[in-house]
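This report concerns only the one structure given below.
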Amino acid sequence: MLIALPNTEGTFTATLFLPHKGRTPDFESVETADEARRFFEATFPDALALMPRFEEDWISHPTSSLATLRLRHWHLDRRAVLLGDAAHAMVPFHGQGMNCAFEDVEALDRLMAANPDLAEAFAAFEVERKPNAEAIQAMALENYVEMRDAVDDPAWRLQRTLELQLAERHPERFVPRYSMVSFRRTPYALAFERGRWQRALLAGATAGRDGLDGLDWAAIDARILAELPPLPADAA
Ligand SMILES: Cc1cc2nc3c(=O)[nH]c(=O)nc-3n(C[C@H](O)[C@H](O)[C@H](O)COP(=O)(O)OP(=O)(O)OC[C@H]3O[C@@H](n4cnc5c(N)ncnc54)[C@H](O)[C@@H]3O)c2cc1C
């Protein structure tokens with residue numbers, strides 16, 4: 001996947017995501033500037049046309065790694081506790097790594113104030129935050145696949161169209177997962193769980209269709225009202 005984010009001075013910073021090795025294409029097979037040019041000519045010709053200093057830029061920007069860090073324990077009795085990336089580094093495709101660390105800080109502060117025994121506070125912190133960190137780690141990985149493969153897939157786009165309409169029909173209940181994660185106070189684990197239910201409904205309702213005409217809106221509304229409770233006030 002190649003992405004380009006705009007800079008304030010009117011340029012773009014482009015980032016190419018590839019496996020390091022073992023799959024084609026990978027960074028091992030596009031190492032030199034000549035190999036990279038051939039790869040871009042075949043794969044991203046429209047972007048290449050906008051990169052006047054391609055070879056120079058390729059050589060001066062080294063590759064690095066992205067990883068998901070999963071640890072069994074986040075604390076050592078009352079002596080040490082991990083938070084932020086040290087506890088749960090994630091791939092950056094949901095833009096939530098820093099936010100997740102801020103949420104850790106809020107939780108740890110609250111639990112330390114409530115628990116004079118540090119070991120208990122750290123244990124409660126791990127119990128509260130670990131499932132949420134694991135949920136956003138999983139959603140960040142899913143978002144990569146979605147950004148790379150799905151955005152120009154007609155079936156996926158139809159699901160997004162239906163998702164927006166259901167969000168308008170049921171604003172208290174059917175909140176798109178991206179919105180719950182990015183724009184609400186919904187805990188990641190709850191957003192993950194509700195998002196899975198919502199996605200199954202979207203996939204089922206749009207399967208084999210190329211538009212929303214003739215959809216059984218009454219049946220869909222009834223399922224939502226019966227099975228998807230309103231978002232709790234502190235998560236909305
Ligand atoms: C490409 C990319 C894009 C991202 N985009 C987003 C985004 O859009 N939104 C978002 O919320 N998050 C984003 N993130 C994630 C975010 O940057 C991290 O989640 C966040 O920086 C984690 O903060 P942290 O304090 O836990 O760790 P860090 O920022 O890694 O801070 C750890 C600090 O400890 C220092 N350190 C390490 N070892 C020692 C030592 N032995 N002694 C003293 N100091 C030490 C390091 O130098 C560093 O300064 C992105 C990450 C990447 C890689």
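Chain identifiers are assigned as A, B, and so on, following the order in which chains appear in the structure tokens; residues are numbered from 1 within each chain, and ligands are numbered from 1 in order of appearance.
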Within 10 Å of ligand 1, counting only C-alpha atoms and all ligand atoms, which protein or nucleic acid residues do you find, written as an MDAnalysis selection string? chainID A and resid 15 64:67 82:102 104 182
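With distances restricted to only C-alpha atoms, A:Tyr178 is the closest residue to Gly195 in chain A from A:Phe27, A:Trp74, A:Phe183, A:Tyr178.
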Select, from A:Glu31, A:Glu193, A:Asp26, A:Glu163, the residue with the minimum atom-to-atom distance to Ile136 in chain A, counting only C-alpha atoms. A:Glu193
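Nearest residue to Thr206 in chain A, choosing from A:Ile220, A:Ala138, A:Val105, A:Leu190 and counting only C-alpha atoms: A:Ile220.
For the residues A:Leu16, A:Ala113, A:Ala124, A:Ala233, ranking by smallest atom-to-atom distance to Thr43 in chain A using only C-alpha atoms places A:Leu16 first.
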Picked from range 48-178 of chain A by DSSP as helix (DSSP H, G or I), as a compact mmCIF listing (two decimals) with N, CA, C and O atoms, in the first residue's frame:
# COMPACT_ATOMS: atom_id res chain seq x y z
N LEU A 48 4.06 7.88 -9.43
CA LEU A 48 5.45 8.10 -9.88
C LEU A 48 5.56 9.39 -10.69
O LEU A 48 6.53 10.15 -10.56
N PHE A 54 12.46 11.02 -7.61
CA PHE A 54 12.15 9.69 -7.09
C PHE A 54 13.38 8.95 -6.57
O PHE A 54 13.41 8.47 -5.44
N GLU A 55 14.43 8.85 -7.43
CA GLU A 55 15.63 8.05 -7.04
C GLU A 55 16.27 8.62 -5.78
O GLU A 55 16.59 7.89 -4.84
N GLU A 56 16.43 9.95 -5.76
CA GLU A 56 17.05 10.62 -4.60
C GLU A 56 16.23 10.35 -3.33
O GLU A 56 16.77 10.01 -2.28
N ASP A 57 14.91 10.52 -3.44
CA ASP A 57 14.04 10.29 -2.28
C ASP A 57 14.10 8.84 -1.82
O ASP A 57 14.12 8.55 -0.62
N TRP A 58 14.10 7.91 -2.79
CA TRP A 58 14.13 6.49 -2.43
C TRP A 58 15.38 6.17 -1.62
O TRP A 58 15.32 5.52 -0.57
N ILE A 59 16.52 6.66 -2.10
CA ILE A 59 17.80 6.33 -1.44
C ILE A 59 17.89 6.98 -0.06
O ILE A 59 18.43 6.39 0.88
N SER A 60 17.34 8.18 0.10
CA SER A 60 17.54 8.90 1.37
C SER A 60 16.49 8.56 2.44
O SER A 60 16.50 9.12 3.52
N ASP A 85 3.05 2.53 24.35
CA ASP A 85 3.64 1.57 23.39
C ASP A 85 4.43 0.47 24.08
O ASP A 85 4.52 -0.64 23.55
N ALA A 86 5.03 0.74 25.23
CA ALA A 86 5.82 -0.28 25.91
C ALA A 86 4.94 -1.47 26.28
O ALA A 86 5.40 -2.60 26.34
N ALA A 87 3.65 -1.22 26.52
CA ALA A 87 2.72 -2.29 26.88
C ALA A 87 2.03 -2.88 25.66
O ALA A 87 1.72 -4.07 25.63
N HIS A 88 1.76 -2.03 24.65
CA HIS A 88 0.86 -2.51 23.58
C HIS A 88 1.10 -1.77 22.26
O HIS A 88 0.14 -1.29 21.66
N PRO A 92 0.07 1.53 12.87
CA PRO A 92 -0.51 2.88 12.98
C PRO A 92 -1.74 3.14 12.11
O PRO A 92 -2.11 4.29 11.92
N PHE A 93 -2.43 2.08 11.66
CA PHE A 93 -3.45 2.30 10.64
C PHE A 93 -4.82 2.75 11.17
O PHE A 93 -5.75 2.94 10.40
N HIS A 94 -4.93 2.89 12.48
CA HIS A 94 -6.15 3.50 13.01
C HIS A 94 -5.84 4.85 13.63
O HIS A 94 -6.73 5.54 14.15
N GLY A 97 -2.59 4.98 18.48
CA GLY A 97 -1.55 4.57 19.42
C GLY A 97 -1.36 5.57 20.55
O GLY A 97 -1.32 5.22 21.73
N MET A 98 -1.25 6.84 20.19
CA MET A 98 -1.03 7.89 21.20
C MET A 98 -2.28 8.05 22.07
O MET A 98 -2.21 8.19 23.30
N ASN A 99 -3.45 8.01 21.39
CA ASN A 99 -4.70 8.16 22.15
C ASN A 99 -4.86 7.03 23.16
O ASN A 99 -5.27 7.26 24.31
N CYS A 100 -4.50 5.81 22.75
CA CYS A 100 -4.60 4.66 23.66
C CYS A 100 -3.69 4.89 24.87
O CYS A 100 -4.08 4.58 26.00
N ALA A 101 -2.52 5.46 24.63
CA ALA A 101 -1.60 5.75 25.74
C ALA A 101 -2.19 6.82 26.67
O ALA A 101 -2.09 6.71 27.89
N PHE A 102 -2.84 7.82 26.10
CA PHE A 102 -3.50 8.85 26.95
C PHE A 102 -4.61 8.21 27.80
O PHE A 102 -4.79 8.55 28.97
N GLU A 103 -5.37 7.30 27.19
CA GLU A 103 -6.42 6.61 27.96
C GLU A 103 -5.80 5.80 29.09
O GLU A 103 -6.36 5.72 30.19
N ASP A 104 -4.63 5.18 28.83
CA ASP A 104 -3.91 4.45 29.90
C ASP A 104 -3.62 5.41 31.06
O ASP A 104 -3.80 5.06 32.23
N VAL A 105 -3.13 6.59 30.73
CA VAL A 105 -2.74 7.55 31.76
C VAL A 105 -3.95 7.91 32.62
O VAL A 105 -3.88 7.92 33.85
N GLU A 106 -5.09 8.17 31.96
CA GLU A 106 -6.31 8.52 32.70
C GLU A 106 -6.70 7.39 33.64
O GLU A 106 -6.99 7.59 34.82
N ALA A 107 -6.65 6.14 33.12
CA ALA A 107 -7.06 4.99 33.94
C ALA A 107 -6.09 4.78 35.09
O ALA A 107 -6.51 4.55 36.24
N LEU A 108 -4.79 4.86 34.81
CA LEU A 108 -3.80 4.61 35.87
C LEU A 108 -3.91 5.66 36.97
O LEU A 108 -3.88 5.34 38.16
N ASP A 109 -4.11 6.90 36.57
CA ASP A 109 -4.26 7.99 37.54
C ASP A 109 -5.47 7.73 38.45
O ASP A 109 -5.40 7.82 39.66
N ARG A 110 -6.58 7.37 37.79
CA ARG A 110 -7.82 7.12 38.54
C ARG A 110 -7.64 5.94 39.50
O ARG A 110 -8.01 6.01 40.67
N LEU A 111 -7.04 4.85 39.01
CA LEU A 111 -6.92 3.64 39.82
C LEU A 111 -5.89 3.80 40.94
O LEU A 111 -6.05 3.24 42.03
N MET A 112 -4.85 4.58 40.70
CA MET A 112 -3.87 4.83 41.77
C MET A 112 -4.49 5.70 42.87
O MET A 112 -4.21 5.52 44.05
N ALA A 113 -5.38 6.63 42.46
CA ALA A 113 -6.03 7.48 43.46
C ALA A 113 -7.00 6.64 44.31
O ALA A 113 -7.17 6.88 45.50
N ALA A 114 -7.62 5.64 43.68
CA ALA A 114 -8.62 4.84 44.40
C ALA A 114 -8.00 3.71 45.21
O ALA A 114 -8.64 3.15 46.09
N LEU A 118 -0.25 -0.06 45.63
CA LEU A 118 0.15 0.09 44.22
C LEU A 118 0.00 -1.22 43.44
O LEU A 118 -0.38 -1.20 42.26
N ALA A 119 0.30 -2.34 44.08
CA ALA A 119 0.20 -3.61 43.36
C ALA A 119 -1.25 -3.84 42.91
O ALA A 119 -1.51 -4.29 41.79
N GLU A 120 -2.19 -3.49 43.79
CA GLU A 120 -3.61 -3.64 43.42
C GLU A 120 -4.01 -2.67 42.33
O GLU A 120 -4.76 -3.00 41.41
N ALA A 121 -3.51 -1.45 42.43
CA ALA A 121 -3.82 -0.45 41.39
C ALA A 121 -3.28 -0.91 40.03
O ALA A 121 -3.98 -0.83 39.02
N PHE A 122 -2.05 -1.43 40.01
CA PHE A 122 -1.46 -1.87 38.75
C PHE A 122 -2.23 -3.08 38.19
O PHE A 122 -2.44 -3.18 36.98
N ALA A 123 -2.63 -3.98 39.10
CA ALA A 123 -3.37 -5.16 38.64
C ALA A 123 -4.72 -4.74 38.05
O ALA A 123 -5.14 -5.22 36.99
N ALA A 124 -5.40 -3.80 38.73
CA ALA A 124 -6.70 -3.32 38.22
C ALA A 124 -6.51 -2.59 36.89
O ALA A 124 -7.35 -2.71 35.98
N PHE A 125 -5.41 -1.87 36.77
CA PHE A 125 -5.10 -1.17 35.51
C PHE A 125 -4.97 -2.17 34.36
O PHE A 125 -5.55 -1.99 33.29
N GLU A 126 -4.23 -3.24 34.62
CA GLU A 126 -4.03 -4.25 33.58
C GLU A 126 -5.37 -4.90 33.18
O GLU A 126 -5.65 -5.08 32.00
N VAL A 127 -6.19 -5.20 34.20
CA VAL A 127 -7.49 -5.84 33.92
C VAL A 127 -8.36 -4.92 33.07
O VAL A 127 -9.02 -5.34 32.12
N GLU A 128 -8.33 -3.62 33.38
CA GLU A 128 -9.19 -2.67 32.64
C GLU A 128 -8.65 -2.40 31.24
O GLU A 128 -9.41 -2.35 30.28
N ARG A 129 -7.36 -2.20 31.12
CA ARG A 129 -6.84 -1.68 29.85
C ARG A 129 -6.43 -2.75 28.84
O ARG A 129 -6.45 -2.50 27.64
N LYS A 130 -6.04 -3.96 29.32
CA LYS A 130 -5.51 -4.94 28.38
C LYS A 130 -6.53 -5.34 27.31
O LYS A 130 -6.19 -5.37 26.12
N PRO A 131 -7.79 -5.65 27.68
CA PRO A 131 -8.75 -6.02 26.63
C PRO A 131 -8.99 -4.87 25.64
O PRO A 131 -9.22 -5.11 24.46
N ASN A 132 -8.93 -3.65 26.14
CA ASN A 132 -9.11 -2.51 25.24
C ASN A 132 -7.91 -2.34 24.30
O ASN A 132 -8.07 -2.07 23.11
N ALA A 133 -6.71 -2.53 24.83
CA ALA A 133 -5.52 -2.43 23.98
C ALA A 133 -5.54 -3.54 22.92
O ALA A 133 -5.26 -3.30 21.74
N GLU A 134 -5.94 -4.75 23.33
CA GLU A 134 -5.97 -5.86 22.37
C GLU A 134 -7.01 -5.58 21.27
O GLU A 134 -6.79 -5.91 20.11
N ALA A 135 -8.11 -4.95 21.65
CA ALA A 135 -9.15 -4.65 20.66
C ALA A 135 -8.65 -3.63 19.64
O ALA A 135 -8.85 -3.80 18.43
N ILE A 136 -8.00 -2.56 20.09
CA ILE A 136 -7.55 -1.56 19.11
C ILE A 136 -6.37 -2.10 18.30
O ILE A 136 -6.22 -1.76 17.12
N GLN A 137 -5.56 -2.97 18.89
CA GLN A 137 -4.49 -3.60 18.09
C GLN A 137 -5.11 -4.39 16.93
O GLN A 137 -4.63 -4.31 15.79
N ALA A 138 -6.18 -5.14 17.23
CA ALA A 138 -6.83 -5.94 16.18
C ALA A 138 -7.49 -5.03 15.14
O ALA A 138 -7.39 -5.25 13.93
N MET A 139 -8.15 -3.96 15.62
CA MET A 139 -8.84 -3.06 14.68
C MET A 139 -7.83 -2.31 13.80
O MET A 139 -8.10 -2.03 12.63
N ALA A 140 -6.66 -1.99 14.36
CA ALA A 140 -5.63 -1.30 13.57
C ALA A 140 -5.14 -2.21 12.45
O ALA A 140 -4.93 -1.75 11.31
N LEU A 141 -4.98 -3.49 12.74
CA LEU A 141 -4.56 -4.43 11.69
C LEU A 141 -5.66 -4.57 10.63
O LEU A 141 -5.40 -4.56 9.44
N GLU A 142 -6.90 -4.67 11.09
CA GLU A 142 -8.03 -4.79 10.14
C GLU A 142 -8.11 -3.56 9.26
O GLU A 142 -8.41 -3.64 8.08
N ASN A 143 -7.85 -2.40 9.85
CA ASN A 143 -7.95 -1.16 9.07
C ASN A 143 -6.92 -1.11 7.95
O ASN A 143 -7.15 -0.51 6.91
N TYR A 144 -5.77 -1.74 8.18
CA TYR A 144 -4.76 -1.80 7.11
C TYR A 144 -5.33 -2.55 5.91
O TYR A 144 -5.28 -2.06 4.78
N VAL A 145 -5.90 -3.71 6.17
CA VAL A 145 -6.43 -4.52 5.07
C VAL A 145 -7.56 -3.76 4.37
O VAL A 145 -7.67 -3.75 3.15
N GLU A 146 -8.39 -3.06 5.18
CA GLU A 146 -9.50 -2.30 4.61
C GLU A 146 -8.97 -1.16 3.71
O GLU A 146 -9.45 -0.99 2.60
N MET A 147 -8.00 -0.42 4.22
CA MET A 147 -7.45 0.69 3.43
C MET A 147 -6.78 0.18 2.16
O MET A 147 -6.86 0.78 1.10
N ARG A 148 -6.10 -0.97 2.27
CA ARG A 148 -5.32 -1.48 1.13
C ARG A 148 -6.22 -2.09 0.06
O ARG A 148 -6.03 -1.87 -1.13
N ASP A 149 -7.23 -2.87 0.50
CA ASP A 149 -7.97 -3.70 -0.45
C ASP A 149 -9.40 -3.27 -0.69
O ASP A 149 -9.94 -3.50 -1.76
N ALA A 150 -10.05 -2.70 0.33
CA ALA A 150 -11.52 -2.65 0.26
C ALA A 150 -12.07 -1.35 -0.30
O ALA A 150 -13.19 -1.35 -0.82
N PRO A 154 -16.82 -2.56 -4.78
CA PRO A 154 -18.24 -2.15 -4.78
C PRO A 154 -19.03 -2.73 -3.62
O PRO A 154 -19.89 -2.05 -3.05
N ALA A 155 -18.76 -3.98 -3.24
CA ALA A 155 -19.53 -4.60 -2.14
C ALA A 155 -19.24 -3.84 -0.83
O ALA A 155 -20.16 -3.58 -0.04
N TRP A 156 -17.99 -3.49 -0.61
CA TRP A 156 -17.61 -2.76 0.61
C TRP A 156 -18.25 -1.37 0.60
O TRP A 156 -18.76 -0.89 1.61
N ARG A 157 -18.25 -0.73 -0.58
CA ARG A 157 -18.83 0.62 -0.65
C ARG A 157 -20.34 0.59 -0.41
O ARG A 157 -20.89 1.49 0.22
N LEU A 158 -20.98 -0.46 -0.88
CA LEU A 158 -22.43 -0.57 -0.63
C LEU A 158 -22.68 -0.74 0.88
O LEU A 158 -23.61 -0.15 1.43
N GLN A 159 -21.84 -1.53 1.51
CA GLN A 159 -21.98 -1.68 2.98
C GLN A 159 -21.80 -0.35 3.69
O GLN A 159 -22.50 -0.03 4.65
N ARG A 160 -20.84 0.47 3.22
CA ARG A 160 -20.63 1.78 3.86
C ARG A 160 -21.85 2.69 3.65
O ARG A 160 -22.25 3.44 4.53
N THR A 161 -22.46 2.61 2.44
CA THR A 161 -23.65 3.42 2.16
C THR A 161 -24.77 3.04 3.13
O THR A 161 -25.43 3.89 3.73
N LEU A 162 -24.98 1.73 3.28
CA LEU A 162 -26.02 1.26 4.19
C LEU A 162 -25.67 1.67 5.62
O LEU A 162 -26.55 2.09 6.39
N GLU A 163 -24.40 1.56 5.97
CA GLU A 163 -23.97 1.90 7.34
C GLU A 163 -24.34 3.36 7.66
O GLU A 163 -24.89 3.65 8.74
N LEU A 164 -24.10 4.25 6.72
CA LEU A 164 -24.42 5.67 6.98
C LEU A 164 -25.92 5.87 7.13
O LEU A 164 -26.38 6.64 7.97
N GLN A 165 -26.69 5.15 6.31
CA GLN A 165 -28.15 5.31 6.41
C GLN A 165 -28.67 4.76 7.74
O GLN A 165 -29.56 5.36 8.36
N LEU A 166 -28.12 3.64 8.17
CA LEU A 166 -28.56 3.08 9.46
C LEU A 166 -28.12 3.98 10.61
O LEU A 166 -28.83 4.09 11.62
N ALA A 167 -26.98 4.62 10.45
CA ALA A 167 -26.52 5.55 11.49
C ALA A 167 -27.48 6.72 11.62
O ALA A 167 -27.74 7.23 12.71
N GLU A 168 -28.05 7.15 10.48
CA GLU A 168 -29.04 8.24 10.53
C GLU A 168 -30.36 7.76 11.12
O GLU A 168 -31.03 8.48 11.86
N ARG A 169 -30.74 6.52 10.80
CA ARG A 169 -32.02 6.00 11.31
C ARG A 169 -31.96 5.68 12.80
O ARG A 169 -32.96 5.75 13.49
N ARG A 177 -18.24 1.87 13.32
CA ARG A 177 -17.12 1.53 14.21
C ARG A 177 -16.04 2.61 14.19
O ARG A 177 -15.50 2.97 15.23
N TYR A 178 -15.76 3.14 13.02
CA TYR A 178 -14.71 4.17 12.94
C TYR A 178 -15.08 5.37 13.81
O TYR A 178 -14.23 5.96 14.47
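Of the residues under consideration (A:Leu231, A:Glu41, A:Asp216, A:Thr11), A:Asp216 shows the shortest atom-to-atom contact distance to Gly204 in chain A when counting only C-alpha atoms.
Backbone DSSP of range 3-234 of chain A yields strand (DSSP E) at Ile3, Ala4, Leu5, Pro6, Phe12, Thr13, Ala14, Thr15, Leu16, His75, Leu76, Ala80 and Val81 of chain A.
Relative to CA of Pro45 in chain A, CA of Ala14 in chain A is found at 14.1 Å.
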